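Novice: You'll find data09.cif just under this line, and it carries mmCIF, C-alpha atoms.
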```cif
data_entry
#
loop_
_atom_site.label_atom_id
_atom_site.label_comp_id
_atom_site.auth_asym_id
_atom_site.auth_seq_id
_atom_site.Cartn_x
_atom_site.Cartn_y
_atom_site.Cartn_z
CA MET A 1 -93.45 27.93 13.75
CA GLU A 2 -95.41 29.19 10.79
CA PRO A 3 -94.02 32.29 9.12
CA ASP A 4 -95.92 35.49 9.59
CA PRO A 5 -97.17 36.59 6.20
CA ALA A 6 -96.71 40.19 7.18
CA THR A 7 -93.18 40.01 8.32
CA GLY A 8 -91.78 37.04 6.25
CA PRO A 9 -89.82 34.08 7.47
CA VAL A 10 -88.33 34.21 10.90
CA ALA A 11 -84.58 33.49 10.91
CA ASN A 12 -83.28 30.64 13.03
CA PRO A 13 -80.57 32.09 15.20
CA GLU A 14 -78.73 28.67 15.36
CA LEU A 15 -78.45 28.51 11.54
CA SER A 16 -77.78 32.08 10.72
CA GLY A 17 -74.27 33.39 10.25
CA PRO A 18 -72.61 36.00 12.37
CA PRO A 19 -73.73 39.56 12.14
CA GLU A 20 -72.03 41.69 9.61
CA SER A 21 -69.53 43.13 12.00
CA GLY A 22 -66.52 43.16 9.61
CA VAL A 23 -64.84 40.22 11.40
CA PRO A 24 -64.16 37.25 9.03
CA PRO A 25 -65.59 33.90 10.04
CA LEU A 26 -63.34 31.34 11.75
CA GLY A 27 -61.51 29.04 9.37
CA SER A 28 -61.62 31.50 6.47
CA SER A 29 -58.55 32.21 4.41
CA THR A 30 -58.19 35.55 6.12
CA ASP A 31 -58.43 34.14 9.62
CA PRO A 32 -55.22 35.26 11.38
CA ALA A 33 -55.27 32.03 13.43
CA VAL A 34 -54.66 29.96 10.28
CA SER A 35 -51.11 30.72 8.91
CA PRO A 36 -49.74 29.55 5.52
CA ALA A 37 -46.23 29.11 7.10
CA PRO A 38 -46.51 25.34 7.77
CA ARG A 39 -47.56 24.79 4.18
CA ARG A 40 -44.55 26.73 2.94
CA ARG A 41 -42.21 24.76 5.23
CA GLY A 42 -43.56 21.51 3.85
CA LEU A 43 -42.90 22.67 0.32
CA VAL A 44 -39.35 23.66 1.22
CA VAL A 45 -38.64 20.24 2.77
CA ALA A 46 -40.06 18.51 -0.27
CA TRP A 47 -37.89 20.56 -2.61
CA VAL A 48 -34.78 19.84 -0.49
CA VAL A 49 -35.45 16.10 -0.64
CA VAL A 50 -36.03 16.21 -4.39
CA SER A 51 -32.86 18.27 -4.88
CA LEU A 52 -30.79 15.77 -2.88
CA ILE A 53 -32.15 12.88 -4.90
CA ILE A 54 -31.34 14.69 -8.12
CA ALA A 55 -27.83 15.49 -6.87
CA VAL A 56 -27.13 11.87 -5.86
CA VAL A 57 -28.47 10.46 -9.10
CA GLY A 58 -26.56 13.08 -11.07
CA SER A 59 -23.31 12.31 -9.25
CA PHE A 60 -23.72 8.57 -9.86
CA ALA A 61 -24.49 9.18 -13.51
CA ALA A 62 -21.46 11.46 -13.81
CA THR A 63 -19.15 8.70 -12.55
CA ARG A 64 -20.57 6.36 -15.18
CA THR A 65 -20.17 8.73 -18.06
CA GLU A 66 -17.85 7.82 -20.90
CA LEU A 67 -15.70 10.80 -19.93
CA LEU A 68 -14.60 8.86 -16.82
CA ASP A 69 -14.15 5.46 -18.45
CA ILE A 70 -10.75 3.74 -18.55
CA ASP A 71 -9.04 4.76 -21.77
CA GLU A 72 -5.58 3.34 -21.08
CA ILE A 73 -3.86 0.79 -18.84
CA ARG A 74 -0.17 1.61 -18.43
CA ILE A 75 2.25 -1.01 -17.06
CA VAL A 76 5.60 0.19 -15.68
CA GLY A 77 8.56 -1.96 -14.62
CA VAL A 78 8.25 -5.14 -16.67
CA SER A 79 11.05 -6.74 -18.67
CA ALA A 80 11.11 -9.38 -21.36
CA ASN A 81 10.81 -12.01 -18.62
CA LEU A 82 7.37 -10.74 -17.59
CA SER A 83 5.02 -10.05 -20.47
CA GLU A 84 2.48 -7.26 -20.36
CA SER A 85 -0.17 -9.69 -21.55
CA SER A 86 0.26 -11.85 -18.44
CA VAL A 87 0.01 -8.77 -16.23
CA LEU A 88 -3.14 -7.57 -18.02
CA GLU A 89 -4.71 -11.00 -17.69
CA ALA A 90 -4.04 -11.08 -13.94
CA LEU A 91 -5.14 -7.45 -13.56
CA SER A 92 -8.58 -8.30 -15.00
CA ILE A 93 -9.45 -4.68 -15.79
CA SER A 94 -10.67 -3.76 -19.25
CA ALA A 95 -10.69 -0.49 -21.15
CA GLY A 96 -14.10 1.13 -21.13
CA SER A 97 -14.84 0.19 -17.53
CA PRO A 98 -15.72 3.03 -15.10
CA MET A 99 -12.67 4.49 -13.40
CA THR A 100 -14.54 4.64 -10.09
CA GLY A 101 -15.48 0.97 -10.28
CA VAL A 102 -11.88 -0.31 -10.11
CA ASP A 103 -10.95 -2.11 -6.87
CA LEU A 104 -7.28 -1.12 -6.73
CA GLU A 105 -6.30 -3.36 -3.81
CA GLU A 106 -7.92 -6.46 -5.29
CA ALA A 107 -6.32 -5.77 -8.68
CA ALA A 108 -2.91 -5.43 -7.01
CA ARG A 109 -3.38 -8.74 -5.17
CA ARG A 110 -4.14 -10.52 -8.44
CA VAL A 111 -0.99 -9.18 -10.11
CA ALA A 112 1.13 -9.95 -7.02
CA SER A 113 0.20 -13.63 -7.42
CA LEU A 114 2.38 -13.84 -10.56
CA PRO A 115 5.65 -15.68 -9.74
CA ARG A 116 7.89 -12.96 -11.17
CA VAL A 117 6.21 -10.06 -9.33
CA ALA A 118 7.94 -9.01 -6.10
CA GLY A 119 5.83 -5.91 -5.53
CA VAL A 120 2.99 -4.05 -7.25
CA GLU A 121 0.96 -0.88 -6.88
CA VAL A 122 -2.13 0.00 -8.91
CA GLU A 123 -3.37 3.59 -9.05
CA ARG A 124 -5.74 5.84 -10.98
CA ASP A 125 -4.35 8.64 -13.12
CA TRP A 126 -7.36 10.82 -13.88
CA PRO A 127 -9.25 11.24 -16.04
CA GLY A 128 -8.91 7.88 -17.80
CA THR A 129 -5.70 5.94 -17.05
CA VAL A 130 -4.90 3.06 -14.69
CA VAL A 131 -1.17 2.74 -13.93
CA VAL A 132 0.37 -0.53 -12.72
CA TRP A 133 3.80 -0.14 -11.06
CA ILE A 134 5.71 -3.44 -10.82
CA VAL A 135 8.89 -4.52 -9.05
CA GLU A 136 10.01 -7.67 -10.82
CA ARG A 137 11.82 -10.60 -9.30
CA ARG A 138 15.24 -11.24 -10.84
CA ALA A 139 16.69 -14.70 -11.40
CA VAL A 140 20.01 -15.20 -9.55
CA VAL A 141 20.61 -18.96 -9.82
CA ASN A 142 19.75 -22.06 -11.77
CA ALA A 143 18.38 -24.76 -9.50
CA VAL A 144 18.71 -28.45 -10.39
CA GLY A 145 16.39 -30.87 -8.60
CA SER A 146 17.24 -34.44 -7.74
CA ASP A 147 14.97 -35.46 -10.62
CA GLY A 148 17.00 -33.36 -13.05
CA ARG A 149 14.39 -30.62 -13.51
CA LEU A 150 15.72 -27.09 -13.89
CA ALA A 151 14.28 -23.85 -12.59
CA ALA A 152 15.28 -20.22 -12.18
CA LEU A 153 15.22 -18.89 -8.60
CA ASP A 154 15.38 -15.37 -7.23
CA ALA A 155 17.38 -14.22 -4.19
CA ASP A 156 14.61 -15.38 -1.83
CA GLY A 157 14.54 -18.88 -3.27
CA THR A 158 11.27 -18.34 -5.14
CA VAL A 159 10.80 -20.47 -8.24
CA LEU A 160 10.30 -18.08 -11.14
CA GLU A 161 9.98 -20.55 -14.00
CA HIS A 162 11.03 -23.98 -15.15
CA LEU A 163 13.88 -24.10 -17.66
CA ASP A 164 14.75 -26.39 -20.53
CA ALA A 165 18.43 -25.48 -20.17
CA ALA A 166 20.44 -23.70 -17.50
CA ASP A 167 21.17 -20.00 -17.95
CA PRO A 168 24.95 -19.93 -18.51
CA SER A 169 25.22 -16.46 -17.00
CA LEU A 170 24.00 -17.70 -13.59
CA PRO A 171 25.58 -20.04 -11.03
CA THR A 172 23.89 -23.38 -10.47
CA ILE A 173 22.81 -24.93 -7.16
CA ARG A 174 21.57 -28.44 -6.40
CA VAL A 175 18.30 -28.84 -4.49
CA ASP A 176 15.95 -31.70 -3.58
CA GLY A 177 13.13 -30.44 -5.83
CA VAL A 178 12.26 -27.27 -7.68
CA GLY A 179 8.48 -27.16 -7.13
CA ARG A 180 6.05 -25.17 -9.23
CA PRO A 181 6.54 -21.50 -10.20
CA GLY A 182 5.73 -19.23 -7.28
CA THR A 183 6.92 -21.78 -4.70
CA ARG A 184 9.50 -20.52 -2.23
CA LEU A 185 12.12 -23.17 -1.44
CA SER A 186 13.26 -23.15 2.16
CA GLY A 187 16.68 -23.85 3.67
CA LEU A 188 18.66 -22.34 0.78
CA GLY A 189 20.25 -19.44 2.67
CA SER A 190 23.84 -20.72 2.57
CA LEU A 191 23.57 -21.88 -1.06
CA LEU A 192 22.18 -18.54 -2.19
CA ASP A 193 24.84 -16.62 -0.23
CA ALA A 194 27.58 -18.72 -1.81
CA ALA A 195 26.07 -18.26 -5.27
CA ASP A 196 25.96 -14.50 -4.75
CA ALA A 197 29.68 -14.53 -3.91
CA VAL A 198 30.69 -16.31 -7.12
CA THR A 199 32.81 -13.97 -9.22
CA GLU A 200 32.91 -13.91 -12.99
CA ASP A 201 36.33 -15.55 -12.88
CA LEU A 202 35.16 -18.38 -10.62
CA ALA A 203 31.99 -18.95 -12.63
CA ALA A 204 34.07 -20.66 -15.31
CA TRP A 205 35.38 -23.15 -12.74
CA ILE A 206 32.28 -23.94 -10.69
CA VAL A 207 29.85 -26.47 -12.11
CA ALA A 208 27.41 -26.38 -9.19
CA LEU A 209 27.11 -25.52 -5.51
CA VAL A 210 25.90 -28.36 -3.29
CA PRO A 211 24.59 -28.32 0.32
CA THR A 212 26.46 -30.49 2.83
CA GLY A 213 26.23 -31.18 6.53
CA GLY A 214 29.17 -28.83 7.01
CA GLY A 215 27.94 -26.01 4.81
CA VAL A 216 28.49 -25.73 1.06
CA ARG A 217 30.66 -27.60 -1.40
CA ALA A 218 31.57 -26.42 -4.91
CA GLU A 219 31.76 -28.96 -7.71
CA LEU A 220 34.53 -27.81 -10.04
CA VAL A 221 35.37 -28.76 -13.59
CA GLY A 222 37.36 -31.97 -13.86
CA GLY A 223 35.57 -33.57 -10.91
CA VAL A 224 37.43 -31.58 -8.26
CA GLU A 225 35.52 -30.61 -5.12
CA ALA A 226 36.04 -27.51 -2.99
CA ASP A 227 34.75 -27.37 0.58
CA LEU A 228 33.56 -23.85 1.43
CA GLY A 229 32.22 -24.66 4.90
CA LEU A 230 29.85 -22.27 6.67
CA GLY A 231 30.79 -18.75 5.67
CA ASP A 232 29.27 -15.45 6.72
CA ASP A 233 28.75 -14.37 3.13
CA TYR A 234 31.29 -16.70 1.42
CA ARG A 235 33.28 -13.85 -0.09
CA ASP A 236 36.43 -14.73 1.87
CA GLU A 237 36.05 -18.38 0.90
CA MET A 238 35.66 -17.49 -2.77
CA ARG A 239 38.74 -15.27 -2.65
CA ALA A 240 40.72 -18.12 -1.09
CA LEU A 241 39.48 -20.55 -3.75
CA THR A 242 40.47 -18.10 -6.48
CA ALA A 243 43.96 -17.80 -5.00
CA VAL A 244 44.37 -21.60 -4.96
CA LEU A 245 43.17 -22.06 -8.53
CA HIS A 246 45.51 -19.39 -9.82
CA GLY A 247 48.46 -19.99 -7.51
CA VAL A 248 49.14 -23.72 -7.37
CA LYS A 249 49.78 -26.52 -9.79
CA LEU A 250 46.37 -28.01 -10.53
CA SER A 251 47.44 -31.45 -11.70
CA CYS A 252 46.30 -34.35 -9.54
CA ILE A 253 44.16 -32.14 -7.27
CA VAL A 254 41.01 -33.92 -6.10
CA ARG A 255 39.87 -31.69 -3.23
CA ILE A 256 40.39 -28.16 -2.00
CA ASP A 257 39.33 -27.03 1.47
CA VAL A 258 38.91 -23.28 2.02
CA SER A 259 36.50 -23.55 4.94
CA VAL A 260 39.29 -21.91 6.95
CA HIS A 261 39.98 -19.35 4.29
CA ASP A 262 43.28 -18.15 5.76
CA ILE A 263 44.72 -21.69 5.59
CA PRO A 264 43.49 -23.42 2.43
CA VAL A 265 44.25 -27.11 2.09
CA VAL A 266 44.87 -28.85 -1.22
CA ARG A 267 44.64 -32.63 -1.51
CA ARG A 268 46.28 -34.41 -4.39
CA ASP A 269 45.85 -37.98 -5.54
CA ASP A 270 48.79 -39.33 -7.52
CA ILE A 271 46.84 -42.45 -8.44
CA HIS A 272 44.05 -40.24 -9.78
CA CYS A 273 46.38 -38.53 -12.24
CA SER A 274 48.46 -41.50 -13.27
#
```
Here is the file; what I need is its structure written in the form of structure tokens.

Specialist:
Amino acid sequence: MEPDPATGPVANPELSGPPESGVPPLGSSTDPAVSPAPRRRGLVVAWVVVSLIIAVVGSFAATRTELLDIDEIRIVGVSANLSESSVLEALSISAGSPMTGVDLEEAARRVASLPRVAGVEVERDWPGTVVVWIVERRAVVNAVGSDGRLAALDADGTVLEHLDAADPSLPTIRVDGVGRPGTRLSGLGSLLDAADAVTEDLAAWIVALVPTGGGVRAELVGGVEADLGLGDDYRDEMRALTAVLHGVKLSCIVRIDVSVHDIPVVRRDDIHCS
């Protein structure tokens, strides 16, 4: 259609906007059907996620700060028989490491592998100390193997260390072999019970305690042997042996039997003392 020169161009109703009625067009920023609430919710969610990430990263960084590093490793319960250096080596934890990075159970297992350690507990003492509590095994006997090697054993029969010479303050037992440190020797119950019953007075008489088919035998100075038998704890047998050694004439004695501790038997050999 050609425009009428008198009236000007004719408006196309399909292209023209709505009449000026005061109602905003659809999709405008003032359209009540389009709310900014979803946009605000999206921003809130985004900020929450960012805040959580910052918090996690900040917490991780805080645990790695020098303020929470290990400043000291304190070892409690060791004697001269168990050096702190050997414990530290087994512990495998170094100063300057993060406190939160210490695996306490694994560290305790490593220390417990030392032959002289009977029990161990590793704990954190905030802010910067690791404490190692140790229960140490105590030597109770010298053990002599059939090959002549010497070792110190604890009350469970665990080999604590090999020795160049027997500890004179401890009783001595004879065993088949001593094994390596940390090895627990089996079948020593009667020997260890008898050794525990040795008094200070008897220690000067007894050279070694030996296992026999009938229990335990004590090798005494001068080549005399004392049969102790199978005792409950060997204290009665040791008392009976003490009474014999202090109450009878010792010349020509070759064997003493206190396996029945109420009726000790002394055997003499006149030929032996002639």

Novice: For Ala203 in chain A, please output as a PyMOL selection string all residues within 10 Å (counting only C-alpha atoms; exclusion window: fewer than 2 positions along the same chain).

Specialist: chain A and resi 168-172+195+198-201+205-208+220

Novice: Find the residues near Ile256 in chain A: any atom within 7 Å, counting only C-alpha atoms, skip ones fewer than 3 places away on the same chain, and give them as a list in words.

Specialist: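 Counting only the stated atoms, we get Glu225, Ala226, Asp227, Val265, Val266 and Arg267 of chain A.
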
Novice: My list of candidates is A:Ala166, A:Leu82, A:Val248, A:Val111. Which is closest to Leu150 in chain A when distances are computed with all atoms listed in the file?

Specialist: A:Ala166

Novice: What does the distance between CA of Leu104 in chain A and CA of Ala90 in chain A come to in Å, to one decimal place?

Specialist: 12.7 Å

Novice: Ranking A:Arg217, A:Arg184, A:Arg74, A:Arg116 by minimum distance to Val135 in chain A and counting only C-alpha atoms, which one comes first?

Specialist: A:Arg116

Novice: Would you work out the distance separating CA of Leu192 in chain A from CA of Gly145 in chain A, expressed in Å to one decimal?

Specialist: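 Interatomic distance, CA of Leu192 in chain A to CA of Gly145 in chain A: 15.1 Å.
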
Novice: What's the separation between CA of Asp257 in chain A and CA of Leu245 in chain A, in Å to one decimal place?

Specialist: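 It comes out at 11.8 Å.
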
Novice: Decode the PyMOL selection byres ((chain A and resi 79) around 12) for the given file into explicit residues and return them as a list of chain:residue names.

Specialist: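 Matching residues under the PyMOL selection byres ((chain A and resi 79) around 12) are A:Ile75, A:Val76, A:Gly77, A:Val78, A:Ala80, A:Asn81, A:Leu82, A:Ser83, A:Glu84, A:Ser85, A:Ser86, A:Val87, A:Arg116, A:Val117, A:Ile134, A:Val135, A:Glu136, A:Arg137, A:Arg138.
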
Novice: Mind checking which residues fall within 10 Å of Gly128 in chain A, counting all atoms listed in the file, ignoring those fewer than 2 positions away in the same chain, and posting them as a list in words?

Specialist: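 My reading of the contact set: Glu66, Leu67, Leu68, Asp69, Ile70, Asp71, Glu72, Ile73, Ala95, Gly96, Ser97, Pro98, Met99, Arg124, Asp125, Trp126 and Val130 of chain A.
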
Novice: Can you turn the PyMOL selection byres ((chain A and resi 214) around 9) into a concrete residue list for this file, as a PyMOL selection string?

Specialist: chain A and resi 211-213+215-217+227-230

Novice: Write out as a PyMOL selection string each polymer residue whose atoms come within 7 Å of His261 in chain A, counting all atoms listed in the file; drop sequence neighbours fewer than 5 positions from it.

Specialist: chain A and resi 236-237+240

Novice: May I ask which of the residues A:Pro264, A:Gly231, A:Gly182, A:Gly148 is the closest one to Ser113 in chain A, counting only C-alpha atoms?

Specialist: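 Answer, going by the shortest atom-to-atom distance: A:Gly182.
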
Novice: Out of A:Ala155, A:Val260, A:Val48, A:Cys252, which residue has the shortest atom-to-atom distance to Arg239 in chain A when counting all atoms listed in the file?

Specialist: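 Closest residue, counting all atoms listed in the file: A:Val260.
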
Novice: Might you spell out which residues the PyMOL selection byres ((chain A and resi 162) around 12) would select in the displayed file, as a list in words?

Specialist: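 Written out, the selection comes to Pro115, Ala139, Asn142, Ala143, Val144, Gly145, Gly148, Arg149, Leu150, Ala151, Ala152, Leu153, Thr158, Val159, Leu160, Glu161, Leu163, Asp164, Ala165, Ala166, Asp167, Gly177, Val178, Gly179, Arg180, Pro181, Gly182 and Thr183 of chain A.
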
Novice: Rank A:Thr100, A:Asp269, A:Asp176, A:Leu91 by their smallest atom-to-atom distance to Val122 in chain A, using only C-alpha atoms, and report the top residue only.

Specialist: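 Checking each candidate against Val122 in chain A, we get A:Leu91 as the closest.
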
Novice: Padding of 8 Å on every side, edges along x, y and z, all listed atoms of range 177-185 of chain A included: what centre and edge lengths in Å, to one decimal, does that box have, as JSON?

Specialist:
```
{"center_x": 9.4, "center_y": -24.8, "center_z": -5.8, "size_x": 23.4, "size_y": 27.2, "size_z": 24.8}
```

Novice: Can you work out which one of A:Val254, A:Ala218, A:Ile271, A:Glu123 has the shortest atom-to-atom distance to Leu241 in chain A, counting all atoms listed in the file?

Specialist: A:Ala218

Novice: Atoms are missing here; could range 183-202 of chain A be completed with N, CA and C atoms and written as a PDB file, in the coordinates of the input?

Specialist:
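Saved file selection_38.pdb follows:
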```pdb
ATOM      1  N   THR A 183       6.551 -21.107  -5.953  1.00  0.00           N
ATOM      2  CA  THR A 183       6.920 -21.780  -4.700  1.00  0.00           C
ATOM      3  C   THR A 183       8.224 -21.205  -4.163  1.00  0.00           C
ATOM      4  N   ARG A 184       8.255 -20.975  -2.860  1.00  0.00           N
ATOM      5  CA  ARG A 184       9.500 -20.520  -2.230  1.00  0.00           C
ATOM      6  C   ARG A 184      10.173 -21.707  -1.561  1.00  0.00           C
ATOM      7  N   LEU A 185      11.379 -22.035  -1.999  1.00  0.00           N
ATOM      8  CA  LEU A 185      12.120 -23.170  -1.440  1.00  0.00           C
ATOM      9  C   LEU A 185      12.823 -22.724  -0.162  1.00  0.00           C
ATOM     10  N   SER A 186      12.678 -23.520   0.868  1.00  0.00           N
ATOM     11  CA  SER A 186      13.260 -23.150   2.160  1.00  0.00           C
ATOM     12  C   SER A 186      14.625 -23.805   2.347  1.00  0.00           C
ATOM     13  N   GLY A 187      15.394 -23.272   3.315  1.00  0.00           N
ATOM     14  CA  GLY A 187      16.680 -23.850   3.670  1.00  0.00           C
ATOM     15  C   GLY A 187      17.787 -23.622   2.672  1.00  0.00           C
ATOM     16  N   LEU A 188      17.651 -22.583   1.825  1.00  0.00           N
ATOM     17  CA  LEU A 188      18.660 -22.340   0.780  1.00  0.00           C
ATOM     18  C   LEU A 188      19.558 -21.145   1.102  1.00  0.00           C
ATOM     19  N   GLY A 189      19.502 -20.664   2.332  1.00  0.00           N
ATOM     20  CA  GLY A 189      20.250 -19.440   2.670  1.00  0.00           C
ATOM     21  C   GLY A 189      21.732 -19.522   2.343  1.00  0.00           C
ATOM     22  N   SER A 190      22.389 -20.594   2.799  1.00  0.00           N
ATOM     23  CA  SER A 190      23.840 -20.720   2.570  1.00  0.00           C
ATOM     24  C   SER A 190      24.151 -20.888   1.082  1.00  0.00           C
ATOM     25  N   LEU A 191      23.350 -21.692   0.380  1.00  0.00           N
ATOM     26  CA  LEU A 191      23.570 -21.880  -1.060  1.00  0.00           C
ATOM     27  C   LEU A 191      23.428 -20.569  -1.813  1.00  0.00           C
ATOM     28  N   LEU A 192      22.405 -19.803  -1.481  1.00  0.00           N
ATOM     29  CA  LEU A 192      22.180 -18.540  -2.190  1.00  0.00           C
ATOM     30  C   LEU A 192      23.260 -17.518  -1.851  1.00  0.00           C
ATOM     31  N   ASP A 193      23.741 -17.525  -0.597  1.00  0.00           N
ATOM     32  CA  ASP A 193      24.840 -16.620  -0.230  1.00  0.00           C
ATOM     33  C   ASP A 193      26.109 -16.978  -0.996  1.00  0.00           C
ATOM     34  N   ALA A 194      26.384 -18.275  -1.084  1.00  0.00           N
ATOM     35  CA  ALA A 194      27.580 -18.720  -1.810  1.00  0.00           C
ATOM     36  C   ALA A 194      27.466 -18.378  -3.293  1.00  0.00           C
ATOM     37  N   ALA A 195      26.275 -18.581  -3.858  1.00  0.00           N
ATOM     38  CA  ALA A 195      26.070 -18.260  -5.270  1.00  0.00           C
ATOM     39  C   ALA A 195      26.260 -16.765  -5.525  1.00  0.00           C
ATOM     40  N   ASP A 196      25.822 -15.949  -4.586  1.00  0.00           N
ATOM     41  CA  ASP A 196      25.960 -14.500  -4.750  1.00  0.00           C
ATOM     42  C   ASP A 196      27.431 -14.071  -4.694  1.00  0.00           C
ATOM     43  N   ALA A 197      28.262 -14.874  -4.044  1.00  0.00           N
ATOM     44  CA  ALA A 197      29.680 -14.530  -3.910  1.00  0.00           C
ATOM     45  C   ALA A 197      30.532 -15.032  -5.070  1.00  0.00           C
ATOM     46  N   VAL A 198      29.934 -15.790  -5.981  1.00  0.00           N
ATOM     47  CA  VAL A 198      30.690 -16.310  -7.120  1.00  0.00           C
ATOM     48  C   VAL A 198      31.060 -15.168  -8.062  1.00  0.00           C
ATOM     49  N   THR A 199      32.346 -15.020  -8.308  1.00  0.00           N
ATOM     50  CA  THR A 199      32.810 -13.970  -9.220  1.00  0.00           C
ATOM     51  C   THR A 199      32.755 -14.467 -10.662  1.00  0.00           C
ATOM     52  N   GLU A 200      32.925 -13.541 -11.577  1.00  0.00           N
ATOM     53  CA  GLU A 200      32.910 -13.910 -12.990  1.00  0.00           C
ATOM     54  C   GLU A 200      34.060 -14.872 -13.304  1.00  0.00           C
ATOM     55  N   ASP A 201      35.177 -14.673 -12.658  1.00  0.00           N
ATOM     56  CA  ASP A 201      36.330 -15.550 -12.880  1.00  0.00           C
ATOM     57  C   ASP A 201      36.043 -16.966 -12.392  1.00  0.00           C
ATOM     58  N   LEU A 202      35.446 -17.069 -11.191  1.00  0.00           N
ATOM     59  CA  LEU A 202      35.160 -18.380 -10.620  1.00  0.00           C
ATOM     60  C   LEU A 202      34.029 -19.102 -11.338  1.00  0.00           C
TER      61      LEU A 202
END
```
